[in-house]
4 protein chains.
Amino acid sequence: MQHGATVRQVANVTARVEQLGWHVHLSEDEGCTIIGVLGEGRALDRERFEGLDGVERIESIVSPFKLASRDFRPQDTVVALNGVRVGGPKVVVMAGPCTVESREQVLEAARAVKAAGATVLRGGAFKPRSSPYSFQGLGLEGLKLLAEAREETGLLVVTEVLSPEAVPLVSTYADILQIGARNMQNFALLHAAGQSQQPVLLKRGMMSTMEELLMSAEYILSHGNDRLILCERGIRTFETYTRNTVDINAVPLLKQLSHLPVMVDPSHGTGQRDLVGPVARAAIAAGADGLLVEVHPHPDEAMVDGAQSLTLDGFSGLMGELRAVAEAVGRAI
Amino acid sequence: MQHGATVRQVANVTARVEQLGWHVHLSEDEGCTIIGVLGEGRALDRERFEGLDGVERIESIVSPFKLASRDFRPQDTVVALNGVRVGGPKVVVMAGPCTVESREQVLEAARAVKAAGATVLRGGAFKPRSSPYSFQGLGLEGLKLLAEAREETGLLVVTEVLSPEAVPLVSTYADILQIGARNMQNFALLHAAGQSQQPVLLKRGMMSTMEELLMSAEYILSHGNDRLILCERGIRTFETYTRNTVDINAVPLLKQLSHLPVMVDPSHGTGQRDLVGPVARAAIAAGADGLLVEVHPHPDEAMVDGAQSLTLDGFSGLMGELRAVAEAVGRAI
Amino acid sequence: MQHGATVRQVANVTARVEQLGWHVHLSEDEGCTIIGVLGEGRALDRERFEGLDGVERIESIVSPFKLASRDFRPQDTVVALNGVRVGGPKVVVMAGPCTVESREQVLEAARAVKAAGATVLRGGAFKPRSSPYSFQGLGLEGLKLLAEAREETGLLVVTEVLSPEAVPLVSTYADILQIGARNMQNFALLHAAGQSQQPVLLKRGMMSTMEELLMSAEYILSHGNDRLILCERGIRTFETYTRNTVDINAVPLLKQLSHLPVMVDPSHGTGQRDLVGPVARAAIAAGADGLLVEVHPHPDEAMVDGAQSLTLDGFSGLMGELRAVAEAVGRAI
Amino acid sequence: MQHGATVRQVANVTARVEQLGWHVHLSEDEGCTIIGVLGEGRALDRERFEGLDGVERIESIVSPFKLASRDFRPQDTVVALNGVRVGGPKVVVMAGPCTVESREQVLEAARAVKAAGATVLRGGAFKPRSSPYSFQGLGLEGLKLLAEAREETGLLVVTEVLSPEAVPLVSTYADILQIGARNMQNFALLHAAGQSQQPVLLKRGMMSTMEELLMSAEYILSHGNDRLILCERGIRTFETYTRNTVDINAVPLLKQLSHLPVMVDPSHGTGQRDLVGPVARAAIAAGADGLLVEVHPHPDEAMVDGAQSLTLDGFSGLMGELRAVAEAVGRAI
């Protein structure tokens, strides 16, 4: 719509779109209202709309994802959390243990990553595990410990949610809902997260294409939740020396295709502590808006993923390196 | 336990196992009770059990999957449905449209596949779709149509369930719950299906190793549901001429590693009608216990996956070919 | 050209094609001469040719491979060797040790596979090995032993050639030149094999698409050698339980795209003796024209690939199974 | 051997090693002689050697690659060319057109990349092409044009060699022999390059593991050529948005496993001009010792790979960005 289009004009267009059986998605970009018209399988009859009052122009988005595309929103989306902005000039580092194991562990980790410059605490309370016999996380107890760590340190909390039913519970304790790689195409969960209005961190499936990631993002956006962050966490390839292969190409390409912020998880992406630092630096150099890093006070005693967790000192050292790289590409941490 | 071990002896062993913090899984094989002892991260103290009354022998299963492994149950599992046995000498063919679209479509397909020799009707009521804007299935209406087709033809019904909450509803209408490739590691859904006691068809994820498939099977088995069928449906590779790559090696290897029946879906596995027949014949030659085949009265008008659906005549012709191959490997259809 | 076109008419068309800077490939199909016009980057000016004497019709082949495509030659190519025809109604089995190790080994294997029904002896004299420190084959001595085994048994011989310079030498001893998976895009070698007029068995690279395989076939065909056999030998995927993943879809699809015979190597395709039989049966059921199978008198003592080699007895038993499957699909062995 | 071991002591140990049937590889590291003992399949009898004069210590290298491993040579190898050192503190940028097309094109590109700070000129004279009908390069004429550009600009020249026979010819004109991805396991070519004493740039195969790359490096090293540079150029995965997937993990991991310099080719690694810059920055941030970048005066008219070639201005702009990132990780360009 034109800059300054009235509410009545917007409502008029919206009503006509809906009369024709399309869905409407309203958003604002620099003071202009954008009316997203969503549907499939037929073309919009442009002539019906071109002459209507307040209509600036009509553009069709040919990519299969619409709301997630740069064509829909040319400006970068910035997900504003409580004091932290993901997708803006500052690179955001989210760090913490793979799994919440105990009060001591999570508080020690939280204090250390805060001191080193992280702004969000990561930690798993509900863990998706390949084996039914593996430790599945502390559950509600874990959520409470994360919330306690937030209370003490001022860090925000990101943690994984595994099923639609758990969305309200996890939302009570976490600032950001994480949808993990194995659930990237759990459409019932995407639906629930989309309706929740809670910020969401959506990880790419380990063998999902970028297009599939953006289609899953579209599920969340089209259910009305715009506070969405994408995360590349390594894909599955034939290479066996590393746990996964970080798709570094995905960082600039996702940012070209979409307006959404893009983070990288070098811990799962490599599976190996020694590689986390170099790949974290590479991610920032490639334009990532943030990092998700596993840090553990005592990695050798970690219940899950110790081999890829940094020590507290290791993380602190890494943050110094990352600041230098961020500056070199015109950003800060 | 020894052949003829008493209930008291079994209960005594079971109690001791549980006292030590392990989980117990009871099953029978040729008149002997097997006490499965499940847990992780420490070795069972064999000496505590070797002398107990009724104990025949103690074996440890080193593979990460236990209940699913051949070591646990050397005999083939036969999943007995109402008049159909999957995993026995007869190859079972499940056929029907990708998606239930209308009463006419599903009944016409059901009659034709029944006439051609299929014993189970497949058809999707709830469809997992990459795009939020694609047709998501008829839902409850679709389930009712499938049940009507069963009523008329005597075919059993297999259909997909997408979330834990939907398990009871789908179980009311379907004889077999299908868990699709994208949900193979939706652990909440595996948990619900395991508790349901409804037979389950578990499809391998397009991005999942055989070990991960067997670990997901273990989730279902360890929640007490033994009526489980595995299904290879093609994996994702670098090849672009075909939608997926059927992993034919997986058929004999899964049957070697596990006692569970193994089916193949040549429709999703190839994505191309012309290839379905040759790959279906190959699957039976390799030892598959059954096939899941997409058949549509008018494939060119199909709402989903028309390009890989056989016509009714095509399916009927294929059944003749499959019978010849089944006989050549000592089986029947 | 029309049926009965004269030599002069063919020569006239050929001359005009060459004047315009295109290359010509002549072949015959059911008594008609086909003039293949090869080049890239511009369209043929059809009008210049449509009126010429003897021209039946002009068809353009849009696939990137021309001479290899079904459009170019609708009938199946049968590669006629000395008494063996690959691509005809009979399925051809080529069997023998991975590597020629000694006179005793190769003769014992040759006699046994001959007795079981194989018609071609396989065995490596020059071995491509990932490590410079691994056994690289007996070289010329190995070629001589293969020739001696042919002398005694009447089997034909297929063996690998590793470099352009070695083509004449290997052609002296072998009936079929094998180009291995690692050399599928060694264009200098393809060029030399194309010029040699020796029958060629071209294996698909372990991470090459079907299109790339057909483009490499095109190199050989366009250098004037039509006696070419394709071989699927397993591709590299994320699955780690098996050495490779046999792409069973490739069997019917390559036969649909091309007129060339298609074989399968279930030994490298699985890497595991127990799986060779089921996958060999599957290959024939899917329409393969032949098999390449590793057989060793004493697999446990084999210098290379013992784990995937059948014993002599195992091979003999397999041949019985294969005959049954071949009959079921209307063929013989 | 001990620091200061005499030639006689070295000769004595060498003679004994060879008497036992092992191969010997001599090298020097910080003034100490290292006697590499190469062979396979049996253990060295350490006791025979421990007491010999001049022997400092005996270490066994368990990785399948020996001479290429960090265990063999803890210090970074620096490949010293005429005025350019690869593997030292300075990041080396090799740039130029994919293919030499004309005198004007190559000279214009050479002058521009020189002015922007590149020290080596890349350009293909012999091109490996999937299709026999595609442009195969200017051949000898192309080599001469590269040499002329070197004469004028002082840049060194790297260009690809496709077959063993061509090694002497290409060595006459080029400073560095490039072995391309498709030839990474062309063992006859590796052998010839190993014997040539010409510096070699070995690209990872698009379908090859890091271990296979290091084994191919071992072929070159074990034939006596130590001036070897590795290059990651993207691997083949299921992702279709990009031509290849740059394996950024490989940069730090190869440097950890091996002492050899590691470069990255972001042009082939992404296949898309817009992604070259961000991925080039990422490579340097991850620790790469150099970059191989495609630059063309008029990318839209390029005969090969125009879509991934930078313009001259684009390259010049990129060099500025790269200098900032190099400094951020303690290096220079």
# chains A, B, ... in the order shown; residues from 1 in each chain; ligands from 1
call {"tool": "calpha_fit_and_write", "arguments": {"fixed": "chain C", "moving": "chain A", "output": "compact mmCIF listing (two decimals) with C-alpha atoms, in the first residue's frame"}}
result
# COMPACT_ATOMS: atom_id res chain seq x y z
CA MET A 1 18.43 -41.54 -43.98
CA GLN A 2 15.73 -43.44 -45.83
CA HIS A 3 15.87 -47.20 -45.97
CA GLY A 4 17.90 -47.91 -49.08
CA ALA A 5 19.64 -44.54 -49.23
CA THR A 6 22.68 -44.81 -51.47
CA VAL A 7 26.26 -44.36 -50.43
CA ARG A 8 26.41 -41.29 -52.65
CA GLN A 9 23.41 -39.75 -50.85
CA VAL A 10 24.96 -40.41 -47.46
CA ALA A 11 28.27 -38.94 -48.59
CA ASN A 12 26.54 -35.84 -49.89
CA VAL A 13 24.77 -35.13 -46.63
CA THR A 14 27.91 -35.89 -44.66
CA ALA A 15 29.97 -33.49 -46.71
CA ARG A 16 27.50 -30.65 -46.21
CA VAL A 17 27.37 -31.26 -42.46
CA GLU A 18 31.14 -31.12 -42.24
CA GLN A 19 31.32 -28.01 -44.40
CA LEU A 20 29.26 -26.26 -41.74
CA GLY A 21 31.79 -27.17 -39.04
CA TRP A 22 29.91 -30.05 -37.40
CA HIS A 23 31.29 -33.49 -36.64
CA VAL A 24 29.70 -36.57 -38.16
CA HIS A 25 29.06 -39.96 -36.54
CA LEU A 26 27.79 -42.74 -38.82
CA SER A 27 25.94 -45.81 -37.60
CA GLU A 28 23.37 -48.31 -38.77
CA ASP A 29 20.11 -49.40 -37.20
CA GLU A 30 18.01 -52.11 -38.87
CA GLY A 31 19.39 -51.41 -42.29
CA CYS A 32 19.07 -47.63 -42.08
CA THR A 33 22.05 -45.31 -41.96
CA ILE A 34 21.96 -42.74 -39.15
CA ILE A 35 24.07 -39.64 -39.57
CA GLY A 36 24.85 -38.22 -36.13
CA VAL A 37 25.63 -34.50 -36.28
CA LEU A 38 27.64 -33.42 -33.28
CA GLY A 39 28.54 -30.01 -31.96
CA GLU A 40 27.63 -27.54 -29.31
CA GLY A 41 26.23 -24.08 -28.78
CA ARG A 42 24.16 -23.47 -31.92
CA ALA A 43 21.19 -25.01 -33.64
CA LEU A 44 21.40 -27.00 -36.86
CA ASP A 45 19.78 -25.22 -39.78
CA ARG A 46 17.22 -27.92 -40.56
CA GLU A 47 16.03 -26.39 -43.81
CA ARG A 48 19.38 -26.90 -45.47
CA PHE A 49 18.98 -30.64 -45.06
CA GLU A 50 15.31 -31.43 -45.22
CA GLY A 51 15.10 -31.45 -48.97
CA LEU A 52 18.27 -33.43 -49.70
CA ASP A 53 17.98 -36.75 -51.47
CA GLY A 54 17.76 -39.73 -49.21
CA VAL A 55 17.01 -37.81 -46.04
CA GLU A 56 14.18 -39.50 -44.13
CA ARG A 57 13.84 -37.15 -41.20
CA ILE A 58 15.81 -34.85 -38.88
CA GLU A 59 15.53 -35.21 -35.14
CA SER A 60 17.26 -33.17 -32.50
CA ILE A 61 18.38 -34.77 -29.25
CA VAL A 62 17.98 -32.38 -26.37
CA SER A 63 19.72 -34.43 -23.70
CA PRO A 64 23.37 -33.44 -23.14
CA PHE A 65 24.44 -36.92 -24.21
CA LYS A 66 23.58 -37.68 -27.83
CA LEU A 67 25.04 -40.94 -29.11
CA ALA A 68 24.35 -42.58 -25.75
CA SER A 69 20.69 -41.62 -25.74
CA ARG A 70 17.65 -43.73 -26.57
CA ASP A 71 16.51 -40.92 -28.84
CA PHE A 72 19.53 -41.56 -31.01
CA ARG A 73 19.12 -45.34 -31.11
CA PRO A 74 15.75 -46.70 -29.98
CA GLN A 75 16.84 -50.36 -30.10
CA ASP A 76 18.90 -51.95 -27.34
CA THR A 77 22.58 -52.14 -28.17
CA VAL A 78 23.93 -55.68 -27.95
CA VAL A 79 27.70 -55.86 -27.42
CA ALA A 80 28.76 -59.00 -29.22
CA LEU A 81 31.94 -60.54 -27.89
CA ASN A 82 33.47 -63.79 -28.88
CA GLY A 83 30.45 -66.01 -28.24
CA VAL A 84 28.92 -63.82 -25.53
CA ARG A 85 26.28 -61.15 -26.16
CA VAL A 86 25.76 -58.45 -23.54
CA GLY A 87 22.42 -56.65 -23.74
CA GLY A 88 20.45 -59.44 -25.36
CA PRO A 89 17.97 -61.86 -23.81
CA LYS A 90 20.62 -63.68 -21.79
CA VAL A 91 21.90 -62.18 -18.53
CA VAL A 92 25.71 -62.31 -18.56
CA VAL A 93 27.61 -63.09 -15.37
CA MET A 94 31.24 -61.99 -15.07
CA ALA A 95 32.93 -63.43 -12.01
CA GLY A 96 36.32 -63.98 -10.47
CA PRO A 97 38.70 -62.67 -7.87
CA CYS A 98 39.09 -58.97 -7.11
CA THR A 99 42.80 -59.28 -7.76
CA VAL A 100 44.93 -61.83 -9.54
CA GLU A 101 47.20 -63.16 -6.80
CA SER A 102 48.68 -66.40 -8.15
CA ARG A 103 48.37 -68.98 -10.90
CA GLU A 104 46.61 -71.41 -8.59
CA GLN A 105 44.14 -68.86 -7.33
CA VAL A 106 43.10 -67.55 -10.70
CA LEU A 107 42.82 -70.98 -12.34
CA GLU A 108 40.85 -72.45 -9.45
CA ALA A 109 38.47 -69.51 -9.52
CA ALA A 110 38.14 -69.62 -13.31
CA ARG A 111 37.27 -73.31 -13.42
CA ALA A 112 34.69 -72.93 -10.67
CA VAL A 113 32.91 -69.87 -12.08
CA LYS A 114 32.88 -71.51 -15.51
CA ALA A 115 31.33 -74.63 -14.07
CA ALA A 116 28.70 -72.56 -12.30
CA GLY A 117 27.72 -70.79 -15.51
CA ALA A 118 29.72 -67.56 -15.73
CA THR A 119 30.90 -66.65 -19.23
CA VAL A 120 33.46 -63.95 -18.45
CA LEU A 121 36.33 -64.03 -15.95
CA ARG A 122 37.04 -60.86 -13.96
CA GLY A 123 40.32 -60.21 -12.15
CA GLY A 124 42.53 -57.21 -11.47
CA ALA A 125 46.10 -57.08 -12.71
CA PHE A 126 46.61 -53.33 -12.26
CA LYS A 127 44.82 -52.19 -9.10
CA PRO A 128 43.92 -48.60 -8.24
CA ARG A 129 44.56 -48.30 -4.51
CA SER A 130 43.96 -45.32 -2.21
CA SER A 131 47.27 -45.97 -0.51
CA PRO A 132 50.64 -45.98 -2.30
CA TYR A 133 51.72 -48.66 0.17
CA SER A 134 48.98 -51.14 -0.69
CA PHE A 135 49.48 -54.04 -3.08
CA GLN A 136 49.11 -52.61 -6.60
CA GLY A 137 48.53 -55.85 -8.46
CA LEU A 138 50.76 -58.25 -10.36
CA GLY A 139 50.74 -56.11 -13.52
CA LEU A 140 51.81 -57.85 -16.73
CA GLU A 141 52.24 -61.12 -14.86
CA GLY A 142 48.59 -60.86 -13.84
CA LEU A 143 47.48 -60.25 -17.41
CA LYS A 144 49.32 -63.37 -18.53
CA LEU A 145 47.66 -65.49 -15.85
CA LEU A 146 44.24 -64.22 -16.93
CA ALA A 147 45.03 -65.11 -20.52
CA GLU A 148 46.14 -68.56 -19.44
CA ALA A 149 42.85 -69.05 -17.58
CA ARG A 150 40.97 -68.01 -20.73
CA GLU A 151 42.96 -70.50 -22.73
CA GLU A 152 42.07 -73.31 -20.39
CA THR A 153 38.41 -72.50 -19.66
CA GLY A 154 37.14 -70.64 -22.70
CA LEU A 155 35.95 -67.78 -20.49
CA LEU A 156 36.44 -64.27 -21.84
CA VAL A 157 38.50 -61.87 -19.72
CA VAL A 158 37.62 -58.43 -18.35
CA THR A 159 40.27 -56.46 -16.46
CA GLU A 160 40.92 -52.86 -15.49
CA VAL A 161 43.13 -50.40 -17.36
CA LEU A 162 44.47 -47.43 -15.40
CA SER A 163 46.10 -45.11 -17.90
CA PRO A 164 45.98 -44.22 -21.60
CA GLU A 165 49.43 -45.68 -22.23
CA ALA A 166 48.37 -49.06 -20.90
CA VAL A 167 45.40 -49.43 -23.25
CA PRO A 168 47.33 -51.29 -26.00
CA LEU A 169 49.00 -53.65 -23.53
CA VAL A 170 45.80 -54.53 -21.67
CA SER A 171 43.97 -54.91 -24.99
CA THR A 172 46.44 -57.60 -25.97
CA TYR A 173 45.40 -59.82 -23.09
CA ALA A 174 41.82 -58.81 -22.25
CA ASP A 175 38.57 -59.15 -24.17
CA ILE A 176 36.96 -56.24 -22.35
CA LEU A 177 38.69 -53.16 -20.95
CA GLN A 178 37.30 -52.11 -17.58
CA ILE A 179 37.36 -48.41 -16.66
CA GLY A 180 36.94 -48.19 -12.92
CA ALA A 181 34.84 -45.88 -10.78
CA ARG A 182 37.76 -43.61 -9.85
CA ASN A 183 38.61 -43.11 -13.52
CA MET A 184 35.10 -42.45 -14.81
CA GLN A 185 36.08 -38.84 -15.49
CA ASN A 186 39.69 -39.49 -16.49
CA PHE A 187 39.06 -37.99 -19.91
CA ALA A 188 42.44 -38.91 -21.35
CA LEU A 189 41.70 -42.54 -20.56
CA LEU A 190 38.18 -42.32 -22.01
CA HIS A 191 39.68 -40.85 -25.16
CA ALA A 192 42.20 -43.69 -25.47
CA ALA A 193 39.55 -46.33 -24.80
CA GLY A 194 37.28 -44.73 -27.35
CA GLN A 195 39.96 -44.97 -30.02
CA SER A 196 40.93 -48.53 -29.16
CA GLN A 197 37.93 -50.39 -30.67
CA GLN A 198 38.18 -52.81 -27.75
CA PRO A 199 34.89 -53.48 -25.89
CA VAL A 200 34.70 -51.34 -22.75
CA LEU A 201 32.99 -51.82 -19.39
CA LEU A 202 32.54 -48.34 -17.88
CA LYS A 203 31.80 -48.24 -14.15
CA ARG A 204 29.86 -45.37 -12.63
CA GLY A 205 31.90 -43.20 -10.27
CA MET A 206 30.97 -43.65 -6.66
CA MET A 207 29.69 -40.11 -6.48
CA SER A 208 28.85 -39.46 -10.10
CA THR A 209 25.35 -38.78 -11.33
CA MET A 210 23.75 -40.86 -14.04
CA GLU A 211 24.09 -37.90 -16.37
CA GLU A 212 27.84 -37.75 -15.78
CA LEU A 213 28.09 -41.49 -16.47
CA LEU A 214 26.27 -41.03 -19.76
CA MET A 215 28.49 -38.06 -20.64
CA SER A 216 31.56 -40.21 -20.03
CA ALA A 217 29.97 -42.89 -22.22
CA GLU A 218 29.57 -40.18 -24.84
CA TYR A 219 33.35 -39.60 -24.81
CA ILE A 220 33.91 -43.23 -25.74
CA LEU A 221 31.12 -43.39 -28.31
CA SER A 222 32.12 -40.14 -29.97
CA HIS A 223 35.65 -41.43 -30.44
CA GLY A 224 34.18 -44.20 -32.52
CA ASN A 225 33.84 -47.11 -30.14
CA ASP A 226 30.27 -48.45 -29.91
CA ARG A 227 30.99 -51.61 -27.94
CA LEU A 228 30.28 -50.13 -24.55
CA ILE A 229 28.68 -51.55 -21.39
CA LEU A 230 27.64 -49.44 -18.37
CA CYS A 231 27.98 -50.69 -14.79
CA GLU A 232 26.31 -49.47 -11.59
CA ARG A 233 28.57 -50.34 -8.67
CA GLY A 234 27.14 -48.45 -5.72
CA ILE A 235 27.31 -44.80 -4.82
CA ARG A 236 28.61 -43.00 -1.78
CA THR A 237 25.96 -41.86 0.67
CA PHE A 238 25.71 -40.98 4.36
CA GLU A 239 24.95 -44.62 5.27
CA THR A 240 27.90 -46.25 7.03
CA TYR A 241 26.71 -49.83 7.59
CA THR A 242 27.49 -50.67 3.97
CA ARG A 243 30.52 -49.79 1.86
CA ASN A 244 28.36 -48.21 -0.85
CA THR A 245 24.66 -47.93 -1.65
CA VAL A 246 23.59 -49.76 -4.82
CA ASP A 247 21.43 -47.34 -6.78
CA ILE A 248 18.86 -49.85 -7.97
CA ASN A 249 16.79 -47.04 -9.53
CA ALA A 250 19.67 -46.53 -11.95
CA VAL A 251 19.12 -49.89 -13.62
CA PRO A 252 15.71 -49.14 -15.19
CA LEU A 253 16.46 -45.44 -15.58
CA LEU A 254 19.74 -45.92 -17.45
CA LYS A 255 18.02 -48.40 -19.73
CA GLN A 256 15.26 -45.88 -20.35
CA LEU A 257 17.68 -43.03 -21.08
CA SER A 258 20.18 -45.06 -23.09
CA HIS A 259 20.33 -48.00 -25.46
CA LEU A 260 23.52 -49.32 -23.85
CA PRO A 261 23.62 -52.52 -21.77
CA VAL A 262 23.62 -52.01 -17.98
CA MET A 263 25.34 -54.29 -15.49
CA VAL A 264 25.50 -54.24 -11.69
CA ASP A 265 28.40 -55.01 -9.36
CA PRO A 266 26.81 -56.18 -6.11
CA SER A 267 30.20 -56.95 -4.54
CA HIS A 268 31.50 -53.37 -4.44
CA GLY A 269 27.94 -52.15 -4.18
CA THR A 270 27.48 -53.73 -0.78
CA GLY A 271 30.97 -54.56 0.50
CA GLN A 272 29.53 -57.51 2.41
CA ARG A 273 29.36 -61.15 1.29
CA ASP A 274 25.96 -61.80 2.89
CA LEU A 275 24.35 -59.03 0.91
CA VAL A 276 25.75 -59.94 -2.51
CA GLY A 277 23.16 -62.61 -3.24
CA PRO A 278 20.00 -60.64 -2.44
CA VAL A 279 21.28 -57.56 -4.28
CA ALA A 280 22.35 -59.65 -7.29
CA ARG A 281 18.82 -61.10 -7.47
CA ALA A 282 17.38 -57.60 -7.17
CA ALA A 283 19.55 -56.34 -10.02
CA ILE A 284 18.26 -59.00 -12.39
CA ALA A 285 14.68 -58.41 -11.27
CA ALA A 286 15.16 -54.71 -12.02
CA GLY A 287 16.30 -55.48 -15.55
CA ALA A 288 20.10 -55.57 -15.42
CA ASP A 289 21.81 -57.17 -18.42
CA GLY A 290 24.59 -58.66 -16.37
CA LEU A 291 26.46 -58.93 -13.10
CA LEU A 292 30.06 -58.47 -12.04
CA VAL A 293 30.70 -60.64 -8.98
CA GLU A 294 33.79 -61.14 -6.85
CA VAL A 295 34.54 -64.79 -6.14
CA HIS A 296 37.63 -66.14 -4.42
CA PRO A 297 38.69 -69.71 -3.64
CA HIS A 298 39.65 -68.64 -0.10
CA PRO A 299 38.09 -65.24 0.69
CA ASP A 300 39.63 -65.07 4.15
CA GLU A 301 43.11 -65.11 2.61
CA ALA A 302 42.31 -62.64 -0.17
CA MET A 303 44.78 -59.77 -0.49
CA VAL A 304 42.01 -57.34 -1.42
CA ASP A 305 38.27 -57.21 -0.67
CA GLY A 306 37.98 -60.64 0.93
CA ALA A 307 34.96 -59.54 2.99
CA GLN A 308 32.86 -59.03 -0.10
CA SER A 309 34.03 -62.06 -2.08
CA LEU A 310 31.85 -65.13 -2.40
CA THR A 311 33.31 -68.59 -1.92
CA LEU A 312 33.24 -70.91 -4.93
CA ASP A 313 30.36 -72.84 -3.38
CA GLY A 314 28.56 -69.66 -2.48
CA PHE A 315 28.79 -68.49 -6.08
CA SER A 316 27.53 -71.78 -7.41
CA GLY A 317 24.52 -71.61 -5.10
CA LEU A 318 23.84 -68.03 -6.09
CA MET A 319 23.77 -68.94 -9.79
CA GLY A 320 20.83 -71.25 -9.13
CA GLU A 321 18.91 -68.46 -7.45
CA LEU A 322 19.73 -66.06 -10.25
CA ARG A 323 18.45 -68.44 -12.91
CA ALA A 324 15.07 -68.58 -11.18
CA VAL A 325 14.81 -64.79 -11.00
CA ALA A 326 15.97 -64.36 -14.60
CA GLU A 327 13.24 -66.72 -15.76
CA ALA A 328 10.65 -64.85 -13.71
CA VAL A 329 11.45 -61.69 -15.69
CA GLY A 330 11.53 -63.47 -19.03
CA ARG A 331 15.25 -63.95 -19.44
CA ALA A 332 17.84 -66.67 -19.02
CA ILE A 333 21.42 -66.94 -17.78
call {"tool": "select_by_dssp", "arguments": {"residues": "stretch 80-288 of chain D", "states": "strand (DSSP E)", "output": "PyMOL selection string"}}
result
chain D and resi 80+85-86+92-96+120-122+156-160+176-179+200-203+228-232+262-264
